[in-house]
Each structure stands twice: as structure tokens, then as C-alpha cells.
>>> print(open('start.pdb').read())   # PDB, C-alpha atoms, pLDDT in the B column
ATOM      1  CA  MET A   1     -59.268   0.014  42.566  1.00 61.00           C
ATOM      2  CA  ASP A   2     -58.642  -2.491  39.740  1.00 65.00           C
ATOM      3  CA  ALA A   3     -56.276  -0.065  38.000  1.00 57.00           C
ATOM      4  CA  TRP A   4     -54.214   0.297  41.160  1.00 54.00           C
ATOM      5  CA  VAL A   5     -54.065  -3.488  41.539  1.00 59.00           C
ATOM      6  CA  ARG A   6     -52.810  -3.896  37.952  1.00 56.00           C
ATOM      7  CA  PHE A   7     -50.212  -1.152  38.439  1.00 51.00           C
ATOM      8  CA  SER A   8     -49.047  -2.711  41.712  1.00 57.00           C
ATOM      9  CA  ALA A   9     -48.646  -6.100  40.059  1.00 59.00           C
ATOM     10  CA  GLN A  10     -46.482  -4.586  37.325  1.00 63.00           C
ATOM     11  CA  SER A  11     -44.197  -2.870  39.851  1.00 72.00           C
ATOM     12  CA  GLN A  12     -43.689  -5.943  42.056  1.00 82.00           C
ATOM     13  CA  ALA A  13     -40.641  -7.160  40.153  1.00 84.00           C
ATOM     14  CA  ARG A  14     -38.904  -3.780  40.375  1.00 86.00           C
ATOM     15  CA  GLU A  15     -39.729  -3.468  44.067  1.00 90.00           C
ATOM     16  CA  ARG A  16     -38.347  -6.893  44.871  1.00 91.00           C
ATOM     17  CA  LEU A  17     -35.166  -6.235  42.926  1.00 91.00           C
ATOM     18  CA  CYS A  18     -34.735  -3.011  44.919  1.00 94.00           C
ATOM     19  CA  ARG A  19     -35.413  -4.960  48.108  1.00 95.00           C
ATOM     20  CA  ALA A  20     -32.737  -7.520  47.278  1.00 95.00           C
ATOM     21  CA  ALA A  21     -30.259  -4.717  46.510  1.00 96.00           C
ATOM     22  CA  GLN A  22     -31.163  -2.890  49.736  1.00 96.00           C
ATOM     23  CA  TYR A  23     -30.536  -5.895  51.979  1.00 96.00           C
ATOM     24  CA  ALA A  24     -27.400  -6.775  49.999  1.00 96.00           C
ATOM     25  CA  CYS A  25     -26.153  -3.272  50.886  1.00 96.00           C
ATOM     26  CA  CYS A  26     -27.087  -3.881  54.522  1.00 95.00           C
ATOM     27  CA  LEU A  27     -25.108  -7.123  54.544  1.00 95.00           C
ATOM     28  CA  LEU A  28     -22.201  -5.547  52.676  1.00 95.00           C
ATOM     29  CA  GLY A  29     -22.105  -2.590  55.071  1.00 94.00           C
ATOM     30  CA  HIS A  30     -21.922  -4.939  58.049  1.00 93.00           C
ATOM     31  CA  ALA A  31     -19.097  -6.907  56.417  1.00 94.00           C
ATOM     32  CA  LEU A  32     -17.173  -3.714  55.592  1.00 93.00           C
ATOM     33  CA  GLN A  33     -17.556  -2.489  59.165  1.00 91.00           C
ATOM     34  CA  ARG A  34     -16.261  -5.767  60.579  1.00 90.00           C
ATOM     35  CA  HIS A  35     -13.247  -5.751  58.261  1.00 89.00           C
ATOM     36  CA  GLY A  36     -12.362  -2.118  59.018  1.00 86.00           C
ATOM     37  CA  ALA A  37     -13.211  -0.512  55.683  1.00 86.00           C
ATOM     38  CA  SER A  38     -12.852   3.248  55.294  1.00 90.00           C
ATOM     39  CA  PRO A  39     -15.628   5.359  56.885  1.00 91.00           C
ATOM     40  CA  GLU A  40     -16.248   7.059  53.543  1.00 94.00           C
ATOM     41  CA  LEU A  41     -17.014   3.747  51.826  1.00 94.00           C
ATOM     42  CA  GLN A  42     -19.280   2.683  54.683  1.00 92.00           C
ATOM     43  CA  LYS A  43     -21.119   5.995  54.436  1.00 93.00           C
ATOM     44  CA  GLN A  44     -21.650   5.555  50.684  1.00 94.00           C
ATOM     45  CA  ILE A  45     -23.094   2.056  51.228  1.00 94.00           C
ATOM     46  CA  ARG A  46     -25.455   3.363  53.922  1.00 93.00           C
ATOM     47  CA  GLN A  47     -26.583   6.182  51.620  1.00 95.00           C
ATOM     48  CA  LEU A  48     -27.218   3.725  48.789  1.00 95.00           C
ATOM     49  CA  GLU A  49     -29.219   1.521  51.163  1.00 94.00           C
ATOM     50  CA  GLY A  50     -31.293   4.546  52.212  1.00 93.00           C
ATOM     51  CA  HIS A  51     -31.949   5.561  48.592  1.00 93.00           C
ATOM     52  CA  LEU A  52     -33.055   2.013  47.736  1.00 94.00           C
ATOM     53  CA  SER A  53     -35.360   1.953  50.763  1.00 93.00           C
ATOM     54  CA  LEU A  54     -36.964   5.239  49.699  1.00 91.00           C
ATOM     55  CA  GLY A  55     -37.318   3.976  46.130  1.00 91.00           C
ATOM     56  CA  ARG A  56     -39.060   0.842  47.390  1.00 91.00           C
ATOM     57  CA  LYS A  57     -41.531   2.963  49.344  1.00 90.00           C
ATOM     58  CA  LEU A  58     -42.354   4.853  46.150  1.00 89.00           C
ATOM     59  CA  LEU A  59     -42.922   1.594  44.259  1.00 86.00           C
ATOM     60  CA  ARG A  60     -45.206   0.368  47.040  1.00 89.00           C
ATOM     61  CA  LEU A  61     -47.623   3.305  46.768  1.00 86.00           C
ATOM     62  CA  GLY A  62     -51.053   1.794  46.241  1.00 84.00           C
ATOM     63  CA  ASN A  63     -50.148  -1.660  47.554  1.00 90.00           C
ATOM     64  CA  SER A  64     -52.739  -1.195  50.314  1.00 92.00           C
ATOM     65  CA  ALA A  65     -55.443  -1.468  47.633  1.00 91.00           C
ATOM     66  CA  ASP A  66     -53.878  -4.700  46.371  1.00 91.00           C
ATOM     67  CA  ALA A  67     -53.809  -6.124  49.905  1.00 94.00           C
ATOM     68  CA  LEU A  68     -57.442  -5.162  50.524  1.00 94.00           C
ATOM     69  CA  GLU A  69     -58.501  -6.825  47.271  1.00 94.00           C
ATOM     70  CA  SER A  70     -56.639  -9.985  48.323  1.00 93.00           C
ATOM     71  CA  ALA A  71     -58.392  -9.880  51.717  1.00 94.00           C
ATOM     72  CA  LYS A  72     -61.792  -9.603  49.976  1.00 94.00           C
ATOM     73  CA  ARG A  73     -60.993 -12.694  47.906  1.00 94.00           C
ATOM     74  CA  ALA A  74     -59.752 -14.636  50.948  1.00 94.00           C
ATOM     75  CA  VAL A  75     -63.051 -14.070  52.790  1.00 95.00           C
ATOM     76  CA  HIS A  76     -64.719 -16.540  50.402  1.00 94.00           C
ATOM     77  CA  LEU A  77     -62.365 -19.457  51.114  1.00 94.00           C
ATOM     78  CA  SER A  78     -64.182 -22.558  52.332  1.00 94.00           C
ATOM     79  CA  ASP A  79     -61.578 -23.593  54.927  1.00 94.00           C
ATOM     80  CA  VAL A  80     -62.197 -21.598  58.119  1.00 96.00           C
ATOM     81  CA  VAL A  81     -58.576 -21.615  59.321  1.00 96.00           C
ATOM     82  CA  LEU A  82     -57.167 -20.594  55.940  1.00 96.00           C
ATOM     83  CA  ARG A  83     -59.852 -17.942  55.587  1.00 96.00           C
ATOM     84  CA  PHE A  84     -58.952 -16.425  58.971  1.00 97.00           C
ATOM     85  CA  CYS A  85     -55.160 -16.565  58.571  1.00 97.00           C
ATOM     86  CA  ILE A  86     -55.035 -15.257  55.002  1.00 97.00           C
ATOM     87  CA  THR A  87     -57.637 -12.516  55.532  1.00 97.00           C
ATOM     88  CA  VAL A  88     -56.017 -11.209  58.720  1.00 97.00           C
ATOM     89  CA  SER A  89     -52.591 -11.363  57.069  1.00 97.00           C
ATOM     90  CA  HIS A  90     -53.756  -9.277  54.093  1.00 97.00           C
ATOM     91  CA  LEU A  91     -55.480  -6.742  56.353  1.00 97.00           C
ATOM     92  CA  ASN A  92     -52.286  -6.297  58.349  1.00 97.00           C
ATOM     93  CA  ARG A  93     -50.340  -5.935  55.104  1.00 96.00           C
ATOM     94  CA  ALA A  94     -52.755  -3.200  54.013  1.00 96.00           C
ATOM     95  CA  LEU A  95     -52.153  -1.319  57.274  1.00 96.00           C
ATOM     96  CA  TYR A  96     -48.410  -1.882  56.949  1.00 96.00           C
ATOM     97  CA  PHE A  97     -48.385  -0.396  53.454  1.00 95.00           C
ATOM     98  CA  ALA A  98     -50.515   2.551  54.626  1.00 95.00           C
ATOM     99  CA  CYS A  99     -47.973   3.333  57.359  1.00 95.00           C
ATOM    100  CA  ASP A 100     -45.221   2.879  54.791  1.00 93.00           C
ATOM    101  CA  ASN A 101     -46.871   5.477  52.557  1.00 93.00           C
ATOM    102  CA  VAL A 102     -46.914   7.955  55.453  1.00 94.00           C
ATOM    103  CA  LEU A 103     -43.212   7.265  56.041  1.00 93.00           C
ATOM    104  CA  TRP A 104     -42.486   7.894  52.355  1.00 92.00           C
ATOM    105  CA  ALA A 105     -44.302  11.235  52.548  1.00 92.00           C
ATOM    106  CA  GLY A 106     -42.206  12.179  55.569  1.00 91.00           C
ATOM    107  CA  LYS A 107     -38.869  11.121  54.104  1.00 89.00           C
ATOM    108  CA  SER A 108     -39.549  12.718  50.724  1.00 87.00           C
ATOM    109  CA  GLY A 109     -40.360  16.070  52.324  1.00 86.00           C
ATOM    110  CA  LEU A 110     -44.074  16.113  51.436  1.00 88.00           C
ATOM    111  CA  ALA A 111     -44.968  15.831  55.133  1.00 87.00           C
ATOM    112  CA  PRO A 112     -41.877  16.998  57.021  1.00 85.00           C
ATOM    113  CA  HIS A 113     -43.594  17.027  60.426  1.00 88.00           C
ATOM    114  CA  VAL A 114     -44.397  13.296  60.402  1.00 88.00           C
ATOM    115  CA  ASP A 115     -43.031  11.431  63.423  1.00 91.00           C
ATOM    116  CA  GLN A 116     -41.069   8.871  61.416  1.00 91.00           C
ATOM    117  CA  GLU A 117     -40.007   6.785  64.412  1.00 92.00           C
ATOM    118  CA  LYS A 118     -43.606   6.350  65.588  1.00 94.00           C
ATOM    119  CA  TRP A 119     -44.900   5.446  62.122  1.00 94.00           C
ATOM    120  CA  ALA A 120     -41.967   3.074  61.540  1.00 94.00           C
ATOM    121  CA  GLN A 121     -42.801   1.216  64.759  1.00 95.00           C
ATOM    122  CA  ARG A 122     -46.447   0.975  63.717  1.00 95.00           C
ATOM    123  CA  SER A 123     -45.558  -0.344  60.283  1.00 96.00           C
ATOM    124  CA  PHE A 124     -43.241  -3.001  61.683  1.00 96.00           C
ATOM    125  CA  ARG A 125     -45.908  -4.126  64.167  1.00 97.00           C
ATOM    126  CA  TYR A 126     -48.390  -4.672  61.342  1.00 97.00           C
ATOM    127  CA  TYR A 127     -45.657  -6.409  59.334  1.00 97.00           C
ATOM    128  CA  LEU A 128     -44.946  -8.719  62.282  1.00 97.00           C
ATOM    129  CA  PHE A 129     -48.631  -9.627  62.707  1.00 97.00           C
ATOM    130  CA  SER A 130     -48.881 -10.379  58.994  1.00 97.00           C
ATOM    131  CA  LEU A 131     -45.872 -12.703  59.131  1.00 97.00           C
ATOM    132  CA  ILE A 132     -47.251 -14.483  62.207  1.00 97.00           C
ATOM    133  CA  MET A 133     -50.480 -15.154  60.323  1.00 97.00           C
ATOM    134  CA  ASN A 134     -48.501 -16.374  57.296  1.00 97.00           C
ATOM    135  CA  LEU A 135     -46.486 -18.793  59.433  1.00 97.00           C
ATOM    136  CA  SER A 136     -49.671 -19.963  61.181  1.00 97.00           C
ATOM    137  CA  ARG A 137     -51.164 -20.705  57.781  1.00 97.00           C
ATOM    138  CA  ASP A 138     -47.991 -22.582  56.774  1.00 97.00           C
ATOM    139  CA  ALA A 139     -48.104 -24.644  59.987  1.00 97.00           C
ATOM    140  CA  TYR A 140     -51.766 -25.496  59.365  1.00 97.00           C
ATOM    141  CA  GLU A 141     -51.105 -26.599  55.791  1.00 96.00           C
ATOM    142  CA  ILE A 142     -48.118 -28.679  56.929  1.00 96.00           C
ATOM    143  CA  ARG A 143     -50.297 -30.381  59.542  1.00 95.00           C
ATOM    144  CA  LEU A 144     -52.975 -31.225  56.974  1.00 95.00           C
ATOM    145  CA  LEU A 145     -50.416 -32.587  54.512  1.00 94.00           C
ATOM    146  CA  MET A 146     -48.692 -34.641  57.223  1.00 92.00           C
ATOM    147  CA  GLU A 147     -52.020 -36.183  58.207  1.00 92.00           C
ATOM    148  CA  GLN A 148     -52.759 -37.030  54.576  1.00 91.00           C
ATOM    149  CA  GLU A 149     -49.285 -38.492  54.061  1.00 88.00           C
ATOM    150  CA  SER A 150     -49.569 -40.473  57.298  1.00 86.00           C
ATOM    151  CA  SER A 151     -52.902 -41.969  56.216  1.00 87.00           C
ATOM    152  CA  ALA A 152     -51.484 -42.829  52.789  1.00 83.00           C
ATOM    153  CA  CYS A 153     -48.433 -44.510  54.359  1.00 79.00           C
ATOM    154  CA  SER A 154     -50.653 -46.525  56.709  1.00 80.00           C
ATOM    155  CA  ARG A 155     -52.786 -47.715  53.801  1.00 81.00           C
ATOM    156  CA  ARG A 156     -49.704 -48.708  51.816  1.00 79.00           C
ATOM    157  CA  LEU A 157     -48.315 -50.644  54.774  1.00 76.00           C
ATOM    158  CA  LYS A 158     -51.600 -52.480  55.313  1.00 78.00           C
ATOM    159  CA  SER A 159     -51.974 -53.323  51.638  1.00 78.00           C
ATOM    160  CA  SER A 160     -48.440 -54.704  51.530  1.00 73.00           C
ATOM    161  CA  GLY A 161     -48.950 -56.756  54.699  1.00 64.00           C
ATOM    162  CA  GLY A 162     -46.505 -54.654  56.748  1.00 57.00           C
ATOM    163  CA  GLY A 163     -47.119 -52.545  59.788  1.00 54.00           C
ATOM    164  CA  VAL A 164     -45.638 -50.235  62.336  1.00 52.00           C
ATOM    165  CA  PRO A 165     -44.353 -51.166  65.798  1.00 48.00           C
ATOM    166  CA  GLU A 166     -46.983 -51.521  68.512  1.00 45.00           C
ATOM    167  CA  GLY A 167     -47.721 -48.256  70.353  1.00 44.00           C
ATOM    168  CA  ILE A 168     -46.319 -46.120  67.516  1.00 45.00           C
ATOM    169  CA  GLU A 169     -48.366 -44.315  64.902  1.00 51.00           C
ATOM    170  CA  ILE A 170     -46.837 -42.589  61.913  1.00 53.00           C
ATOM    171  CA  GLY A 171     -48.926 -39.455  62.174  1.00 50.00           C
ATOM    172  CA  GLY A 172     -50.122 -39.273  65.771  1.00 49.00           C
ATOM    173  CA  SER A 173     -49.596 -40.148  69.401  1.00 46.00           C
ATOM    174  CA  GLY A 174     -49.197 -43.548  70.918  1.00 47.00           C
ATOM    175  CA  GLY A 175     -52.001 -45.910  71.787  1.00 47.00           C
ATOM    176  CA  PRO A 176     -54.395 -45.368  74.703  1.00 46.00           C
ATOM    177  CA  GLY A 177     -52.535 -47.809  76.887  1.00 47.00           C
ATOM    178  CA  ALA A 178     -49.194 -46.003  76.560  1.00 47.00           C
ATOM    179  CA  PRO A 179     -49.663 -42.243  77.048  1.00 50.00           C
ATOM    180  CA  GLY A 180     -45.977 -41.583  77.558  1.00 51.00           C
ATOM    181  CA  GLY A 181     -44.225 -44.539  76.032  1.00 55.00           C
ATOM    182  CA  SER A 182     -40.651 -45.583  76.578  1.00 79.00           C
ATOM    183  CA  LEU A 183     -37.755 -43.370  75.568  1.00 83.00           C
ATOM    184  CA  PRO A 184     -36.821 -45.465  72.485  1.00 83.00           C
ATOM    185  CA  GLN A 185     -40.447 -45.335  71.318  1.00 85.00           C
ATOM    186  CA  LEU A 186     -40.577 -41.570  71.760  1.00 88.00           C
ATOM    187  CA  ALA A 187     -37.302 -41.200  69.882  1.00 87.00           C
ATOM    188  CA  LEU A 188     -38.630 -43.367  67.054  1.00 87.00           C
ATOM    189  CA  LYS A 189     -41.888 -41.415  66.918  1.00 87.00           C
ATOM    190  CA  LEU A 190     -39.943 -38.148  66.773  1.00 89.00           C
ATOM    191  CA  ARG A 191     -37.742 -39.515  63.995  1.00 90.00           C
ATOM    192  CA  LEU A 192     -40.811 -40.634  62.038  1.00 88.00           C
ATOM    193  CA  GLN A 193     -42.387 -37.194  62.434  1.00 90.00           C
ATOM    194  CA  VAL A 194     -39.220 -35.464  61.208  1.00 91.00           C
ATOM    195  CA  LEU A 195     -38.989 -37.817  58.232  1.00 91.00           C
ATOM    196  CA  LEU A 196     -42.673 -37.228  57.476  1.00 91.00           C
ATOM    197  CA  LEU A 197     -42.188 -33.461  57.679  1.00 92.00           C
ATOM    198  CA  ALA A 198     -39.189 -33.649  55.344  1.00 93.00           C
ATOM    199  CA  ARG A 199     -41.181 -35.796  52.904  1.00 92.00           C
ATOM    200  CA  VAL A 200     -44.092 -33.346  52.906  1.00 93.00           C
ATOM    201  CA  LEU A 201     -41.909 -30.280  52.370  1.00 94.00           C
ATOM    202  CA  ARG A 202     -39.865 -32.015  49.670  1.00 94.00           C
ATOM    203  CA  GLY A 203     -43.068 -32.912  47.851  1.00 93.00           C
ATOM    204  CA  HIS A 204     -44.496 -29.375  48.091  1.00 95.00           C
ATOM    205  CA  PRO A 205     -41.830 -26.821  47.041  1.00 96.00           C
ATOM    206  CA  PRO A 206     -44.208 -23.794  47.202  1.00 96.00           C
ATOM    207  CA  LEU A 207     -44.939 -24.529  50.857  1.00 96.00           C
ATOM    208  CA  LEU A 208     -41.265 -25.040  51.678  1.00 96.00           C
ATOM    209  CA  LEU A 209     -40.331 -21.793  49.944  1.00 97.00           C
ATOM    210  CA  ASP A 210     -43.096 -19.908  51.766  1.00 97.00           C
ATOM    211  CA  VAL A 211     -41.979 -21.224  55.171  1.00 97.00           C
ATOM    212  CA  VAL A 212     -38.338 -20.254  54.570  1.00 97.00           C
ATOM    213  CA  ARG A 213     -39.277 -16.835  53.198  1.00 97.00           C
ATOM    214  CA  ASN A 214     -41.603 -15.981  56.090  1.00 97.00           C
ATOM    215  CA  ALA A 215     -39.109 -17.259  58.665  1.00 97.00           C
ATOM    216  CA  CYS A 216     -36.375 -15.082  57.152  1.00 97.00           C
ATOM    217  CA  ASP A 217     -38.668 -12.051  57.002  1.00 97.00           C
ATOM    218  CA  LEU A 218     -39.603 -12.550  60.648  1.00 96.00           C
ATOM    219  CA  CYS A 219     -36.116 -11.479  61.745  1.00 95.00           C
ATOM    220  CA  ILE A 220     -36.622  -7.981  60.295  1.00 95.00           C
ATOM    221  CA  PRO A 221     -39.561  -6.710  62.404  1.00 96.00           C
ATOM    222  CA  LEU A 222     -38.294  -8.557  65.481  1.00 96.00           C
ATOM    223  CA  ASP A 223     -35.017  -6.638  65.212  1.00 95.00           C
ATOM    224  CA  LYS A 224     -36.608  -3.284  64.357  1.00 93.00           C
ATOM    225  CA  LEU A 225     -39.083  -3.534  67.242  1.00 94.00           C
ATOM    226  CA  GLY A 226     -36.340  -4.525  69.692  1.00 93.00           C
ATOM    227  CA  LEU A 227     -37.965  -7.887  70.460  1.00 94.00           C
ATOM    228  CA  TRP A 228     -34.905  -9.823  69.292  1.00 91.00           C
ATOM    229  CA  ARG A 229     -31.728  -7.949  68.445  1.00 90.00           C
ATOM    230  CA  CYS A 230     -30.093 -10.033  65.731  1.00 90.00           C
ATOM    231  CA  GLY A 231     -27.876  -7.306  64.245  1.00 90.00           C
ATOM    232  CA  PRO A 232     -27.566  -5.808  60.757  1.00 92.00           C
ATOM    233  CA  GLY A 233     -25.639  -8.794  59.419  1.00 93.00           C
ATOM    234  CA  ILE A 234     -28.434 -11.279  60.156  1.00 95.00           C
ATOM    235  CA  VAL A 235     -31.093  -8.802  59.036  1.00 96.00           C
ATOM    236  CA  GLY A 236     -29.252  -8.225  55.749  1.00 96.00           C
ATOM    237  CA  LEU A 237     -28.733 -11.940  55.124  1.00 96.00           C
ATOM    238  CA  CYS A 238     -32.327 -12.918  55.947  1.00 97.00           C
ATOM    239  CA  GLY A 239     -33.711 -10.015  53.917  1.00 96.00           C
ATOM    240  CA  LEU A 240     -31.559 -10.953  50.936  1.00 97.00           C
ATOM    241  CA  ILE A 241     -32.607 -14.622  51.096  1.00 97.00           C
ATOM    242  CA  SER A 242     -36.311 -13.781  51.349  1.00 97.00           C
ATOM    243  CA  SER A 243     -35.987 -11.271  48.498  1.00 96.00           C
ATOM    244  CA  ILE A 244     -34.358 -13.850  46.220  1.00 95.00           C
ATOM    245  CA  LEU A 245     -37.101 -16.361  47.060  1.00 95.00           C
ATOM    246  CA  SER A 246     -39.757 -13.721  46.305  1.00 94.00           C
ATOM    247  CA  ILE A 247     -38.145 -13.029  42.944  1.00 91.00           C
ATOM    248  CA  LEU A 248     -38.247 -16.763  42.201  1.00 91.00           C
ATOM    249  CA  THR A 249     -42.017 -16.789  42.743  1.00 90.00           C
ATOM    250  CA  LEU A 250     -42.328 -14.103  40.068  1.00 87.00           C
ATOM    251  CA  ILE A 251     -40.080 -15.911  37.606  1.00 87.00           C
ATOM    252  CA  TYR A 252     -41.715 -19.298  38.302  1.00 89.00           C
ATOM    253  CA  PRO A 253     -45.372 -18.650  39.283  1.00 89.00           C
ATOM    254  CA  TRP A 254     -45.896 -22.326  40.175  1.00 92.00           C
ATOM    255  CA  LEU A 255     -43.659 -21.737  43.223  1.00 93.00           C
ATOM    256  CA  ARG A 256     -46.189 -19.301  44.701  1.00 92.00           C
ATOM    257  CA  LEU A 257     -48.283 -20.833  47.479  1.00 93.00           C
ATOM    258  CA  LYS A 258     -52.000 -20.833  46.659  1.00 88.00           C
ATOM    259  CA  PRO A 259     -54.540 -19.684  47.628  1.00 81.00           C
TER     260      PRO A 259
END
>>> encode(input="start.pdb", output="C-alpha cells")
Amino acid sequence: MDAWVRFSAQSQARERLCRAAQYACCLLGHALQRHGASPELQKQIRQLEGHLSLGRKLLRLGNSADALESAKRAVHLSDVVLRFCITVSHLNRALYFACDNVLWAGKSGLAPHVDQEKWAQRSFRYYLFSLIMNLSRDAYEIRLLMEQESSACSRRLKSSGGGVPEGIEIGGSGGPGAPGGSLPQLALKLRLQVLLLARVLRGHPPLLLDVVRNACDLCIPLDKLGLWRCGPGIVGLCGLISSILSILTLIYPWLRLKP
């Protein structure tokens, strides 16, 4: 198990480079189609995209073991919400990679009778569940950081002798006497929340990068499962952005969200 994990870690950079090239081909193919490029050139781009996809599946052999090891480590986290989100995400990733391995066997000719459409749908469902858990974890961490930042701002205002307008709290709802509040107060509260969110994300680049990457990745399974048809252009662009961000986390490990 440990040997597979070490091998998987070494192949991550190559896999993510192939992923970036694959979605760049997807985006390029869409652009060529829109601008009326020759069918032969479009066919070559599609073939290159298919070869890159198959190469990525080969590089991902054994990633299920890596995901299971990550799930075992996440079980010991002290925070209940983080423990649930991260563990379930890794388990879904393990199932996604297992389905991906079956697809590779079918496409490479080792298992020619595999129903590739059925296994592709299964893999994208597990991928979607994993991304939902990742985004849930991001939302939870953002909420915790916003509460901490709100408390810190309140303490700074009190220590400096300032304050906030009556009925408005930086990190929460209005006072008990004003459940709804007037429209200007609601607008001000919304503006404060947006500013607080921007401050939190600006102060925590790994969290910001993880949110953007997961949001971009979300378009891929939604399109493949037919839940939201966004087209090959959007899929290629979002996949390319998320791939570049993933490569950045390998080049600069401090950008990787922990745990």
C-alpha cells in the first residue's frame, strides 16, 4: 500500500500536466469548430485529446490506494465536520479512480466487453459527490474564518472606542428587536458580509485557490452527467484553469489546503 502511495505521488505532476494539455485541446477544438477550421485539423485535435485522456488513466492506476490512505488519515481529525467532509470526499475519490481503472482497461483493449458508457457515468457520479464534499468543506472553513475575523474586528472596534451601527453586526444577524431590518440596513449588512468574505479569502490563498479549483471542476461532471449542459468550451476552460491551479499546488506546496 505504501509503495503504491509513493508511486502515485511521483506521478501526480505528470498526470496534471497531461490533464492541462487535455483540456487545452478540448478548448482549442471548440475554438477551431467555431471558427470553421478544417475537419482534418479538428479530428487530429480530438484524437490528441483522447490519447491524453487515456494516458492520464494509465498514470492514475493505483490512485484508489492513495485516496483510501487519505481517508484513513482524515478519520482521526478532531473537527467532526471536517472529518466527515474530507473522509467522504476521499472515499468517493477512491471509487472514482476504481471506475476510471475499469474504463482504462476497456479503452486499452484489456477488457473489450466493458460497458464504457455505464462505467463513465458511475465515475462521474463519484467525482461529483467528491467535489460537493470538497465545496462543503470549503464553505465550512470560510464560515469559521469569517466568525473569527468578525470577532477580531469587533474587539478592535471596542478597544479603539468605535462601534457599528445599531441593529447591525459584522458577522451575524441583526438584533432581537429587528428580525428583518430596514432595506438600507440589510444592504449594509450584505456589503459588510461581502467585504468580510473578500478579506478572509485574500488572507488565506490556499482556501481561495481550493474554492476556485473545486468550482471549476464542478462543471465537468455536471456536463458529463447531463445535469447542466455547459458545452465543450466551458468544460475545456474550467478544466484548464483547475489543472493550472493544481499544478501550482505542486510547485508551491504552501498553497495546498490542509488538512
>>> closest_residue(input="start.pdb", among="A:Leu103, A:Leu188, A:Val200, A:Leu58", to="Ser150 in chain A", atoms="all atoms listed in the file")
A:Val200
>>> atom_distance(input="start.pdb", atom1="CA of Ala111 in chain A", atom2="CA of Leu95 in chain A")
18.7 Å
>>> closest_residue(input="start.pdb", among="A:Arg122, A:Lys57, A:Arg213, A:Arg73", to="Leu245 in chain A", atoms="all atoms listed in the file")
A:Arg213
>>> axis_aligned_box(input="start.pdb", around="range 202-218 of chain A", padding_each_side="8 Å", output="JSON")
{"center_x": -40.7, "center_y": -22.5, "center_z": 53.8, "size_x": 24.6, "size_y": 36.9, "size_z": 29.6}
>>> resolve_selection(input="start.pdb", expression="the PyMOL selection byres ((chain A and resi 42-46) around 12)", output="list in words")
Ala21, Gln22, Tyr23, Ala24, Cys25, Cys26, Leu27, Leu28, Gly29, His30, Ala31, Leu32, Gln33, Arg34, His35, Gly36, Ala37, Ser38, Pro39, Glu40, Leu41, Gln47, Leu48, Glu49, Gly50, His51, Leu52, Ser53 and Pro232 of chain A
>>> write_last_selection(input="start.pdb", atoms="C-alpha atoms", output="PDB file, in the coordinates of the input")
ATOM      1  CA  ALA A  21     -30.259  -4.717  46.510  1.00 96.00           C
ATOM      2  CA  GLN A  22     -31.163  -2.890  49.736  1.00 96.00           C
ATOM      3  CA  TYR A  23     -30.536  -5.895  51.979  1.00 96.00           C
ATOM      4  CA  ALA A  24     -27.400  -6.775  49.999  1.00 96.00           C
ATOM      5  CA  CYS A  25     -26.153  -3.272  50.886  1.00 96.00           C
ATOM      6  CA  CYS A  26     -27.087  -3.881  54.522  1.00 95.00           C
ATOM      7  CA  LEU A  27     -25.108  -7.123  54.544  1.00 95.00           C
ATOM      8  CA  LEU A  28     -22.201  -5.547  52.676  1.00 95.00           C
ATOM      9  CA  GLY A  29     -22.105  -2.590  55.071  1.00 94.00           C
ATOM     10  CA  HIS A  30     -21.922  -4.939  58.049  1.00 93.00           C
ATOM     11  CA  ALA A  31     -19.097  -6.907  56.417  1.00 94.00           C
ATOM     12  CA  LEU A  32     -17.173  -3.714  55.592  1.00 93.00           C
ATOM     13  CA  GLN A  33     -17.556  -2.489  59.165  1.00 91.00           C
ATOM     14  CA  ARG A  34     -16.261  -5.767  60.579  1.00 90.00           C
ATOM     15  CA  HIS A  35     -13.247  -5.751  58.261  1.00 89.00           C
ATOM     16  CA  GLY A  36     -12.362  -2.118  59.018  1.00 86.00           C
ATOM     17  CA  ALA A  37     -13.211  -0.512  55.683  1.00 86.00           C
ATOM     18  CA  SER A  38     -12.852   3.248  55.294  1.00 90.00           C
ATOM     19  CA  PRO A  39     -15.628   5.359  56.885  1.00 91.00           C
ATOM     20  CA  GLU A  40     -16.248   7.059  53.543  1.00 94.00           C
ATOM     21  CA  LEU A  41     -17.014   3.747  51.826  1.00 94.00           C
ATOM     22  CA  GLN A  47     -26.583   6.182  51.620  1.00 95.00           C
ATOM     23  CA  LEU A  48     -27.218   3.725  48.789  1.00 95.00           C
ATOM     24  CA  GLU A  49     -29.219   1.521  51.163  1.00 94.00           C
ATOM     25  CA  GLY A  50     -31.293   4.546  52.212  1.00 93.00           C
ATOM     26  CA  HIS A  51     -31.949   5.561  48.592  1.00 93.00           C
ATOM     27  CA  LEU A  52     -33.055   2.013  47.736  1.00 94.00           C
ATOM     28  CA  SER A  53     -35.360   1.953  50.763  1.00 93.00           C
ATOM     29  CA  PRO A 232     -27.566  -5.808  60.757  1.00 92.00           C
TER      30      PRO A 232
END
>>> closest_residue(input="start.pdb", among="A:His76, A:Leu82, A:Lys158, A:Tyr96", to="Ser64 in chain A", atoms="only C-alpha atoms")
A:Tyr96
>>> closest_residue(input="start.pdb", among="A:Ala71, A:Leu222, A:Ala20, A:Arg14", to="Ile244 in chain A", atoms="all atoms listed in the file")
A:Ala20
>>> residues_around(input="start.pdb", residues="Ser123 in chain A", least_positions_apart="6", cutoff="10 Å", atoms="only C-alpha atoms", output="PyMOL selection string")
chain A and resi 92-103+117+221
>>> write_last_selection(input="start.pdb", atoms="C-alpha atoms", output="PDB file, in the coordinates of the input")
ATOM      1  CA  ASN A  92     -52.286  -6.297  58.349  1.00 97.00           C
ATOM      2  CA  ARG A  93     -50.340  -5.935  55.104  1.00 96.00           C
ATOM      3  CA  ALA A  94     -52.755  -3.200  54.013  1.00 96.00           C
ATOM      4  CA  LEU A  95     -52.153  -1.319  57.274  1.00 96.00           C
ATOM      5  CA  TYR A  96     -48.410  -1.882  56.949  1.00 96.00           C
ATOM      6  CA  PHE A  97     -48.385  -0.396  53.454  1.00 95.00           C
ATOM      7  CA  ALA A  98     -50.515   2.551  54.626  1.00 95.00           C
ATOM      8  CA  CYS A  99     -47.973   3.333  57.359  1.00 95.00           C
ATOM      9  CA  ASP A 100     -45.221   2.879  54.791  1.00 93.00           C
ATOM     10  CA  ASN A 101     -46.871   5.477  52.557  1.00 93.00           C
ATOM     11  CA  VAL A 102     -46.914   7.955  55.453  1.00 94.00           C
ATOM     12  CA  LEU A 103     -43.212   7.265  56.041  1.00 93.00           C
ATOM     13  CA  GLU A 117     -40.007   6.785  64.412  1.00 92.00           C
ATOM     14  CA  PRO A 221     -39.561  -6.710  62.404  1.00 96.00           C
TER      15      PRO A 221
END
>>> resolve_selection(input="start.pdb", expression="the PyMOL selection byres ((chain A and resi 220) around 9)", output="VMD selection string")
chain A and resid 124 128 216 to 219 221 to 225 230 234 to 236 238 to 239
>>> closest_residue(input="start.pdb", among="A:Val211, A:Leu54, A:Leu195, A:Ala120", to="Met133 in chain A", atoms="only C-alpha atoms")
A:Val211
>>> resolve_selection(input="start.pdb", expression="the PyMOL selection byres ((chain A and resi 148) around 12)", output="PyMOL selection string")
chain A and resi 141-147+149-155+170-172+196-197+199-200
>>> closest_residue(input="start.pdb", among="A:Gly62, A:Ser108, A:Asp115, A:Ser242", to="Val212 in chain A", atoms="only C-alpha atoms")
A:Ser242
>>> atom_distance(input="start.pdb", atom1="CA of Asn134 in chain A", atom2="CA of Ser246 in chain A")
14.3 Å
